file final.cif (mmCIF, C-alpha atoms and all ligand atoms)
data_work
#
loop_
_atom_site.group_PDB
_atom_site.id
_atom_site.type_symbol
_atom_site.label_atom_id
_atom_site.label_comp_id
_atom_site.auth_asym_id
_atom_site.auth_seq_id
_atom_site.Cartn_x
_atom_site.Cartn_y
_atom_site.Cartn_z
ATOM 1 C CA MET A 22 61.200 7.667 -35.495
ATOM 2 C CA ASP A 23 58.737 9.503 -37.736
ATOM 3 C CA ILE A 24 55.195 10.480 -36.734
ATOM 4 C CA ALA A 25 53.529 7.487 -38.450
ATOM 5 C CA GLU A 26 55.792 5.089 -36.520
ATOM 6 C CA LYS A 27 55.065 6.934 -33.285
ATOM 7 C CA ILE A 28 51.312 6.632 -33.867
ATOM 8 C CA GLU A 29 51.684 2.874 -34.450
ATOM 9 C CA LYS A 30 53.749 2.589 -31.268
ATOM 10 C CA LEU A 31 51.100 4.587 -29.376
ATOM 11 C CA LYS A 32 48.422 2.077 -30.451
ATOM 12 C CA ARG A 33 50.607 -0.761 -29.181
ATOM 13 C CA ILE A 34 51.036 0.999 -25.819
ATOM 14 C CA TYR A 35 47.225 1.283 -25.512
ATOM 15 C CA GLU A 36 46.862 -2.426 -26.363
ATOM 16 C CA GLU A 37 49.567 -3.499 -23.911
ATOM 17 C CA PHE A 38 47.823 -1.567 -21.152
ATOM 18 C CA GLU A 39 44.477 -3.228 -21.904
ATOM 19 C CA GLU A 40 46.169 -6.628 -21.878
ATOM 20 C CA LYS A 41 47.832 -5.985 -18.496
ATOM 21 C CA VAL A 42 44.701 -4.746 -16.722
ATOM 22 C CA ARG A 43 42.103 -7.027 -18.341
ATOM 23 C CA GLU A 44 41.674 -9.166 -15.212
ATOM 24 C CA PHE A 45 41.101 -6.123 -13.007
ATOM 25 C CA LYS A 46 38.514 -4.583 -15.321
ATOM 26 C CA LYS A 47 36.332 -7.694 -15.516
ATOM 27 C CA GLU A 48 34.095 -6.472 -12.699
ATOM 28 C CA ALA A 49 33.703 -2.955 -14.141
ATOM 29 C CA VAL A 50 30.192 -1.519 -13.977
ATOM 30 C CA CYS A 51 30.796 0.928 -16.853
ATOM 31 C CA GLN A 52 28.293 0.658 -19.691
ATOM 32 C CA LYS A 53 27.756 2.282 -23.071
ATOM 33 C CA GLY A 54 25.776 5.474 -22.536
ATOM 34 C CA CYS A 55 27.211 6.156 -19.056
ATOM 35 C CA ALA A 56 29.267 9.298 -19.491
ATOM 36 C CA ASP A 57 29.839 10.299 -15.872
ATOM 37 C CA CYS A 58 33.611 10.504 -16.410
ATOM 38 C CA CYS A 59 33.143 12.768 -19.445
ATOM 39 C CA LYS A 60 30.997 15.123 -17.366
ATOM 40 C CA GLN A 61 32.620 14.986 -13.948
ATOM 41 C CA MET A 62 36.327 14.720 -14.535
ATOM 42 C CA ALA A 63 37.924 18.081 -13.928
ATOM 43 C CA THR A 64 40.591 17.494 -16.533
ATOM 44 C CA ILE A 65 41.046 15.373 -19.655
ATOM 45 C CA ASP A 66 44.734 15.544 -20.357
ATOM 46 C CA CYS A 67 46.608 14.261 -23.355
ATOM 47 C CA THR A 68 49.938 14.449 -25.108
ATOM 48 C CA THR A 69 50.595 16.192 -28.418
ATOM 49 C CA LEU A 70 50.970 12.813 -30.117
ATOM 50 C CA GLU A 71 47.480 11.772 -29.012
ATOM 51 C CA ALA A 72 46.088 15.199 -29.884
ATOM 52 C CA PHE A 73 47.561 14.933 -33.380
ATOM 53 C CA VAL A 74 45.576 11.705 -33.925
ATOM 54 C CA ILE A 75 42.430 13.465 -32.655
ATOM 55 C CA TYR A 76 43.145 16.567 -34.750
ATOM 56 C CA ASN A 77 43.313 14.446 -37.902
ATOM 57 C CA LYS A 78 40.108 12.675 -36.942
ATOM 58 C CA ILE A 79 38.287 16.035 -36.579
ATOM 59 C CA ASN A 80 39.668 17.250 -39.901
ATOM 60 C CA ALA A 81 38.354 14.094 -41.569
ATOM 61 C CA PHE A 82 34.787 14.832 -40.405
ATOM 62 C CA ALA A 83 32.447 16.025 -43.131
ATOM 63 C CA ASP A 84 30.883 19.451 -42.749
ATOM 64 C CA PRO A 85 28.862 20.673 -40.895
ATOM 65 C CA LEU A 86 30.208 18.333 -38.170
ATOM 66 C CA LYS A 87 33.798 19.483 -38.724
ATOM 67 C CA SER A 88 33.036 23.200 -38.463
ATOM 68 C CA GLN A 89 30.651 22.660 -35.549
ATOM 69 C CA THR A 90 33.300 20.692 -33.641
ATOM 70 C CA LYS A 91 35.961 23.339 -34.259
ATOM 71 C CA LYS A 92 33.567 26.061 -33.131
ATOM 72 C CA LYS A 93 32.776 24.103 -29.977
ATOM 73 C CA LEU A 94 36.476 23.689 -29.214
ATOM 74 C CA LYS A 95 37.049 27.434 -29.572
ATOM 75 C CA LYS A 96 34.228 28.140 -27.113
ATOM 76 C CA GLU A 97 35.660 25.508 -24.787
ATOM 77 C CA ILE A 98 38.953 27.423 -24.556
ATOM 78 C CA HIS A 99 37.140 30.354 -23.032
ATOM 79 C CA LYS A 100 35.181 28.074 -20.642
ATOM 80 C CA ARG A 101 38.345 26.234 -19.581
ATOM 81 C CA THR A 102 40.237 29.442 -18.840
ATOM 82 C CA THR A 103 37.443 30.692 -16.585
ATOM 83 C CA LYS A 104 36.300 27.396 -14.960
ATOM 84 C CA SER A 105 38.284 24.352 -13.837
ATOM 85 C CA HIS A 106 35.480 21.887 -14.466
ATOM 86 C CA THR A 107 33.678 21.475 -17.798
ATOM 87 C CA THR A 108 31.931 18.652 -19.660
ATOM 88 C CA CYS A 109 34.120 17.250 -22.431
ATOM 89 C CA PRO A 110 33.497 19.051 -25.755
ATOM 90 C CA PHE A 111 33.465 15.689 -27.558
ATOM 91 C CA LEU A 112 30.507 14.340 -25.631
ATOM 92 C CA THR A 113 27.443 14.215 -27.896
ATOM 93 C CA LYS A 114 23.851 14.983 -26.866
ATOM 94 C CA LYS A 115 23.294 11.220 -26.768
ATOM 95 C CA ASP A 116 26.159 10.801 -24.294
ATOM 96 C CA SER A 117 28.483 9.103 -26.757
ATOM 97 C CA CYS A 118 32.053 10.041 -27.653
ATOM 98 C CA LEU A 119 32.533 11.790 -30.991
ATOM 99 C CA ILE A 120 36.177 10.687 -31.228
ATOM 100 C CA TYR A 121 35.857 7.292 -29.527
ATOM 101 C CA GLU A 122 38.470 5.380 -31.597
ATOM 102 C CA ALA A 123 40.934 8.258 -31.200
ATOM 103 C CA ARG A 124 40.190 9.143 -27.560
ATOM 104 C CA PRO A 125 43.282 9.798 -25.422
ATOM 105 C CA PHE A 126 44.708 7.501 -22.768
ATOM 106 C CA SER A 127 43.169 9.557 -19.942
ATOM 107 C CA CYS A 128 39.767 8.358 -21.203
ATOM 108 C CA ARG A 129 40.917 4.787 -21.857
ATOM 109 C CA TRP A 130 42.198 3.802 -18.445
ATOM 110 C CA VAL A 131 39.416 5.121 -16.205
ATOM 111 C CA TYR A 132 36.685 2.648 -15.271
ATOM 112 C CA SER A 133 34.813 1.920 -12.052
ATOM 113 C CA LEU A 134 34.101 -1.107 -9.918
ATOM 114 C CA LYS A 135 31.096 0.681 -8.370
ATOM 115 C CA LYS A 136 28.464 3.045 -9.751
ATOM 116 C CA CYS A 137 29.983 6.537 -9.457
ATOM 117 C CA ASN A 138 26.735 8.395 -8.587
ATOM 118 C CA GLY A 139 28.433 11.759 -8.815
ATOM 119 C CA LYS A 140 31.592 10.633 -6.993
ATOM 120 C CA SER A 141 35.036 9.572 -8.228
ATOM 121 C CA PRO A 142 35.342 6.157 -9.912
ATOM 122 C CA THR A 143 36.514 3.115 -7.888
ATOM 123 C CA ILE A 144 39.675 1.873 -9.565
ATOM 124 C CA HIS A 145 41.885 -1.062 -8.582
ATOM 125 C CA ARG A 146 45.296 0.056 -7.269
ATOM 126 C CA VAL A 147 47.120 -2.129 -9.815
ATOM 127 C CA VAL A 148 45.289 -0.435 -12.699
ATOM 128 C CA PHE A 149 46.069 2.965 -11.239
ATOM 129 C CA GLU A 150 49.800 2.180 -11.006
ATOM 130 C CA GLU A 151 49.843 0.646 -14.494
ATOM 131 C CA ALA A 152 48.105 3.770 -15.858
ATOM 132 C CA LYS A 153 50.777 6.016 -14.291
ATOM 133 C CA SER A 154 53.522 3.984 -15.886
ATOM 134 C CA THR A 155 51.697 3.976 -19.255
ATOM 135 C CA ILE A 156 51.408 7.783 -19.167
ATOM 136 C CA ARG A 157 55.182 7.950 -18.668
ATOM 137 C CA LYS A 158 55.697 5.616 -21.661
ATOM 138 C CA ILE A 159 53.476 7.796 -23.880
ATOM 139 C CA GLN A 160 55.332 10.934 -22.798
ATOM 140 C CA GLN A 161 58.683 9.283 -23.487
ATOM 141 C CA LEU A 162 57.477 8.274 -26.952
ATOM 142 C CA ASP A 163 56.287 11.848 -27.531
ATOM 143 C CA ASN A 164 59.626 13.183 -26.328
ATOM 144 C CA THR A 165 59.518 16.310 -28.504
ATOM 145 C CA GLY A 166 55.953 17.085 -27.464
ATOM 146 C CA TYR A 167 53.846 18.453 -24.642
ATOM 147 C CA SER A 168 51.056 17.459 -22.228
ATOM 148 C CA GLY A 169 48.037 19.334 -20.980
ATOM 149 C CA HIS A 170 44.278 19.621 -21.251
ATOM 150 C CA ILE A 171 42.962 18.158 -24.505
ATOM 151 C CA THR A 172 41.343 21.470 -25.560
ATOM 152 C CA PHE A 173 44.550 23.440 -25.183
ATOM 153 C CA ILE A 174 46.842 20.839 -26.732
ATOM 154 C CA LEU A 175 44.553 20.656 -29.779
ATOM 155 C CA GLN A 176 44.862 24.422 -30.128
ATOM 156 C CA LEU A 177 48.611 24.095 -30.686
ATOM 157 C CA PHE A 178 47.895 22.307 -33.969
ATOM 158 C CA GLU A 179 45.812 25.243 -35.185
ATOM 159 C CA LYS A 180 49.141 27.071 -35.503
ATOM 160 C CA GLU A 181 50.788 25.944 -38.730
ATOM 161 C CA SER A 182 54.216 26.959 -37.466
ATOM 162 C CA PHE A 183 53.831 24.656 -34.436
ATOM 163 C CA THR A 184 52.602 21.701 -36.505
ATOM 164 C CA GLU A 185 55.487 22.055 -38.961
ATOM 165 C CA ILE A 186 58.109 22.060 -36.207
ATOM 166 C CA TYR A 187 56.416 19.251 -34.255
ATOM 167 C CA LEU A 188 56.078 16.954 -37.272
ATOM 168 C CA THR A 189 59.736 17.352 -38.158
ATOM 169 C CA GLY A 190 60.853 16.475 -34.632
ATOM 170 C CA GLY A 191 61.704 20.045 -33.599
ATOM 171 C CA PHE A 192 61.450 21.006 -29.940
ATOM 172 C CA ASN A 193 61.666 24.551 -28.662
ATOM 173 C CA PRO A 194 59.645 25.103 -25.466
ATOM 174 C CA GLN A 195 61.348 28.482 -24.841
ATOM 175 C CA LYS A 196 59.795 29.859 -28.047
ATOM 176 C CA LEU A 197 56.335 28.674 -26.912
ATOM 177 C CA GLN A 198 56.746 29.879 -23.334
ATOM 178 C CA LYS A 199 53.821 32.348 -23.475
ATOM 179 C CA ILE A 200 51.211 29.901 -24.774
ATOM 180 C CA LEU A 201 52.535 27.046 -22.600
ATOM 181 C CA SER A 202 52.169 29.030 -19.411
ATOM 182 C CA LEU A 203 48.790 30.510 -20.439
ATOM 183 C CA TYR A 204 47.325 27.046 -20.993
ATOM 184 C CA HIS A 205 49.261 25.173 -18.269
ATOM 185 C CA ILE A 206 50.964 22.973 -20.848
ATOM 186 C CA LEU A 207 54.194 21.178 -19.913
ATOM 187 C CA PRO A 208 56.939 19.774 -22.115
ATOM 188 C CA ASN A 209 56.926 15.957 -21.880
ATOM 189 C CA LEU A 210 60.692 15.836 -21.400
ATOM 190 C CA LYS A 211 60.464 17.593 -18.050
ATOM 191 C CA LYS A 212 58.308 14.787 -16.699
ATOM 192 C CA VAL A 213 60.418 11.796 -17.781
HETATM 193 S S1 LIG A 301 37.097 12.313 -25.337
HETATM 194 FE FE1 LIG A 301 35.284 10.999 -25.388
HETATM 195 S S2 LIG A 301 35.623 9.451 -23.775
HETATM 196 FE FE2 LIG A 301 37.026 11.153 -23.393
HETATM 197 S S3 LIG A 301 35.961 12.488 -21.945
HETATM 198 FE FE3 LIG A 301 35.518 13.248 -24.031
HETATM 199 S S4 LIG A 301 33.604 12.288 -24.634
HETATM 200 FE FE4 LIG A 301 34.420 11.155 -22.874
#
call {"tool": "encode", "arguments": {"input": "final.cif", "output": "structure tokens"}}
result
Amino acid sequence: MDIAEKIEKLKRIYEEFEEKVREFKKEAVCQKGCADCCKQMATIDCTTLEAFVIYNKINAFADPLKSQTKKKLKKEIHKRTTKSHTTCPFLTKKDSCLIYEARPFSCRWVYSLKKCNGKSPTIHRVVFEEAKSTIRKIQQLDNTGYSGHITFILQLFEKESFTEIYLTGGFNPQKLQKILSLYHILPNLKKV
């Protein structure tokens, strides 16, 4: 399966999840402009396949937005390696998501049945279980890829040699051992 087919399949996985949990999300209190999850969640993980979609979205931004976003991501690497908890680099000053249509699954499944008020969201057990199984499906689809924090996974695509190998279906975690362990990135195959 080539990368374009995988991206199409990824979209279908997102849609299937939404379909399955629709009933449980009806009572959600989440509203546009509430960005508690983007500020409070300790980690926003994604797979390389999702990061590739986001990477292309950033590269399609016009300047100065593109260069500003890349600069922000570079700064975020330093913050993430020294702190475990940071606000998402894609959150705008108006509390909206800069990459909303391309956001990863970890941002798509979280919602809350009660106002969070600085605490964790209240999520129905069924949605939680469905999300776990959806993450496994995404990792299986991205079987020659990796998972980790969005900032670090995006960094992999800044290396041309990585992008070339990834896009042609190559998989060599041993060669990437140093960067994988530095950024706590795991090969998807180990988790499936
Ligand atoms: S990617 Fe968007 S939705 Fe996800 S945490 Fe960041 S700002 Fe929020």
call {"tool": "closest_atom_pairs", "arguments": {"input": "final.cif", "of": "chain A", "to": "ligand LIG 301 (chain A)", "cutoff": "8 Å", "atoms": "only C-alpha atoms and all ligand atoms", "output": "CSV"}}
result
residue,atom,partner,partner_atom,distance
A:Ala56,CA,A:LIG301,FE4,6.4
A:Cys58,CA,A:LIG301,S3,6.3
A:Cys59,CA,A:LIG301,S3,3.8
A:Lys60,CA,A:LIG301,S3,7.2
A:Met62,CA,A:LIG301,S3,7.7
A:Ile65,CA,A:LIG301,S3,6.3
A:Thr108,CA,A:LIG301,S3,7.7
A:Cys109,CA,A:LIG301,FE3,4.5
A:Pro110,CA,A:LIG301,FE3,6.4
A:Phe111,CA,A:LIG301,S4,4.5
A:Leu112,CA,A:LIG301,S4,3.8
A:Thr113,CA,A:LIG301,S4,7.2
A:Asp116,CA,A:LIG301,S4,7.6
A:Ser117,CA,A:LIG301,S4,6.4
A:Cys118,CA,A:LIG301,FE1,4.1
A:Leu119,CA,A:LIG301,FE1,6.3
A:Ile120,CA,A:LIG301,FE1,5.9
A:Tyr121,CA,A:LIG301,FE1,5.6
A:Arg124,CA,A:LIG301,S1,5.0
A:Pro125,CA,A:LIG301,S1,6.7
A:Ser127,CA,A:LIG301,FE2,7.2
A:Cys128,CA,A:LIG301,FE2,4.5
A:Arg129,CA,A:LIG301,S2,7.3
call {"tool": "write_last_selection", "arguments": {"input": "final.cif", "atoms": "C-alpha atoms", "output": "JSON list (two decimals), keeping the file's coordinate frame"}}
result
[["chain", "number", "residue", "atom", "x", "y", "z"],
["A", 56, "ALA", "CA", 29.27, 9.30, -19.49],
["A", 58, "CYS", "CA", 33.61, 10.50, -16.41],
["A", 59, "CYS", "CA", 33.14, 12.77, -19.44],
["A", 60, "LYS", "CA", 31.00, 15.12, -17.37],
["A", 62, "MET", "CA", 36.33, 14.72, -14.54],
["A", 65, "ILE", "CA", 41.05, 15.37, -19.66],
["A", 108, "THR", "CA", 31.93, 18.65, -19.66],
["A", 109, "CYS", "CA", 34.12, 17.25, -22.43],
["A", 110, "PRO", "CA", 33.50, 19.05, -25.76],
["A", 111, "PHE", "CA", 33.47, 15.69, -27.56],
["A", 112, "LEU", "CA", 30.51, 14.34, -25.63],
["A", 113, "THR", "CA", 27.44, 14.22, -27.90],
["A", 116, "ASP", "CA", 26.16, 10.80, -24.29],
["A", 117, "SER", "CA", 28.48, 9.10, -26.76],
["A", 118, "CYS", "CA", 32.05, 10.04, -27.65],
["A", 119, "LEU", "CA", 32.53, 11.79, -30.99],
["A", 120, "ILE", "CA", 36.18, 10.69, -31.23],
["A", 121, "TYR", "CA", 35.86, 7.29, -29.53],
["A", 124, "ARG", "CA", 40.19, 9.14, -27.56],
["A", 125, "PRO", "CA", 43.28, 9.80, -25.42],
["A", 127, "SER", "CA", 43.17, 9.56, -19.94],
["A", 128, "CYS", "CA", 39.77, 8.36, -21.20],
["A", 129, "ARG", "CA", 40.92, 4.79, -21.86]]
call {"tool": "resolve_selection", "arguments": {"input": "final.cif", "expression": "the PyMOL selection byres (((chain A and resi 189) around 12) and not hetatm)", "output": "MDAnalysis selection string"}}
result
chainID A and resid 22:25 165:166 182:188 190:192
call {"tool": "write_last_selection", "arguments": {"input": "final.cif", "atoms": "C-alpha atoms", "output": "PDB file, keeping the file's coordinate frame"}}
result
ATOM      1  CA  MET A  22      61.200   7.667 -35.495  1.00  0.00           C
ATOM      2  CA  ASP A  23      58.737   9.503 -37.736  1.00  0.00           C
ATOM      3  CA  ILE A  24      55.195  10.480 -36.734  1.00  0.00           C
ATOM      4  CA  ALA A  25      53.529   7.487 -38.450  1.00  0.00           C
ATOM      5  CA  THR A 165      59.518  16.310 -28.504  1.00  0.00           C
ATOM      6  CA  GLY A 166      55.953  17.085 -27.464  1.00  0.00           C
ATOM      7  CA  SER A 182      54.216  26.959 -37.466  1.00  0.00           C
ATOM      8  CA  PHE A 183      53.831  24.656 -34.436  1.00  0.00           C
ATOM      9  CA  THR A 184      52.602  21.701 -36.505  1.00  0.00           C
ATOM     10  CA  GLU A 185      55.487  22.055 -38.961  1.00  0.00           C
ATOM     11  CA  ILE A 186      58.109  22.060 -36.207  1.00  0.00           C
ATOM     12  CA  TYR A 187      56.416  19.251 -34.255  1.00  0.00           C
ATOM     13  CA  LEU A 188      56.078  16.954 -37.272  1.00  0.00           C
ATOM     14  CA  GLY A 190      60.853  16.475 -34.632  1.00  0.00           C
ATOM     15  CA  GLY A 191      61.704  20.045 -33.599  1.00  0.00           C
ATOM     16  CA  PHE A 192      61.450  21.006 -29.940  1.00  0.00           C
TER      17      PHE A 192
END
call {"tool": "residues_near_point", "arguments": {"input": "final.cif", "point": "(38.2, 1.8, -17.1)", "cutoff": "8 Å", "atoms": "only C-alpha atoms", "output": "PDB file with C-alpha atoms, keeping the file's coordinate frame"}}
result
ATOM      1  CA  LYS A  46      38.514  -4.583 -15.321  1.00  0.00           C
ATOM      2  CA  ALA A  49      33.703  -2.955 -14.141  1.00  0.00           C
ATOM      3  CA  CYS A  51      30.796   0.928 -16.853  1.00  0.00           C
ATOM      4  CA  CYS A 128      39.767   8.358 -21.203  1.00  0.00           C
ATOM      5  CA  ARG A 129      40.917   4.787 -21.857  1.00  0.00           C
ATOM      6  CA  TRP A 130      42.198   3.802 -18.445  1.00  0.00           C
ATOM      7  CA  VAL A 131      39.416   5.121 -16.205  1.00  0.00           C
ATOM      8  CA  TYR A 132      36.685   2.648 -15.271  1.00  0.00           C
ATOM      9  CA  SER A 133      34.813   1.920 -12.052  1.00  0.00           C
ATOM     10  CA  ILE A 144      39.675   1.873  -9.565  1.00  0.00           C
TER      11      ILE A 144
END
call {"tool": "resolve_selection", "arguments": {"input": "final.cif", "expression": "the PyMOL selection byres (((chain A and resi 176) around 12) and not hetatm)", "output": "ChimeraX atom specification"}}
result
/A:69,72-73,75-76,91-92,94-98,169-175,177-181,183-184,200-201,204,206
call {"tool": "atom_distance", "arguments": {"input": "final.cif", "atom1": "atom CA of Pro208 of chain A", "atom2": "atom CA of Asp163 of chain A"}}
result
9.6 Å
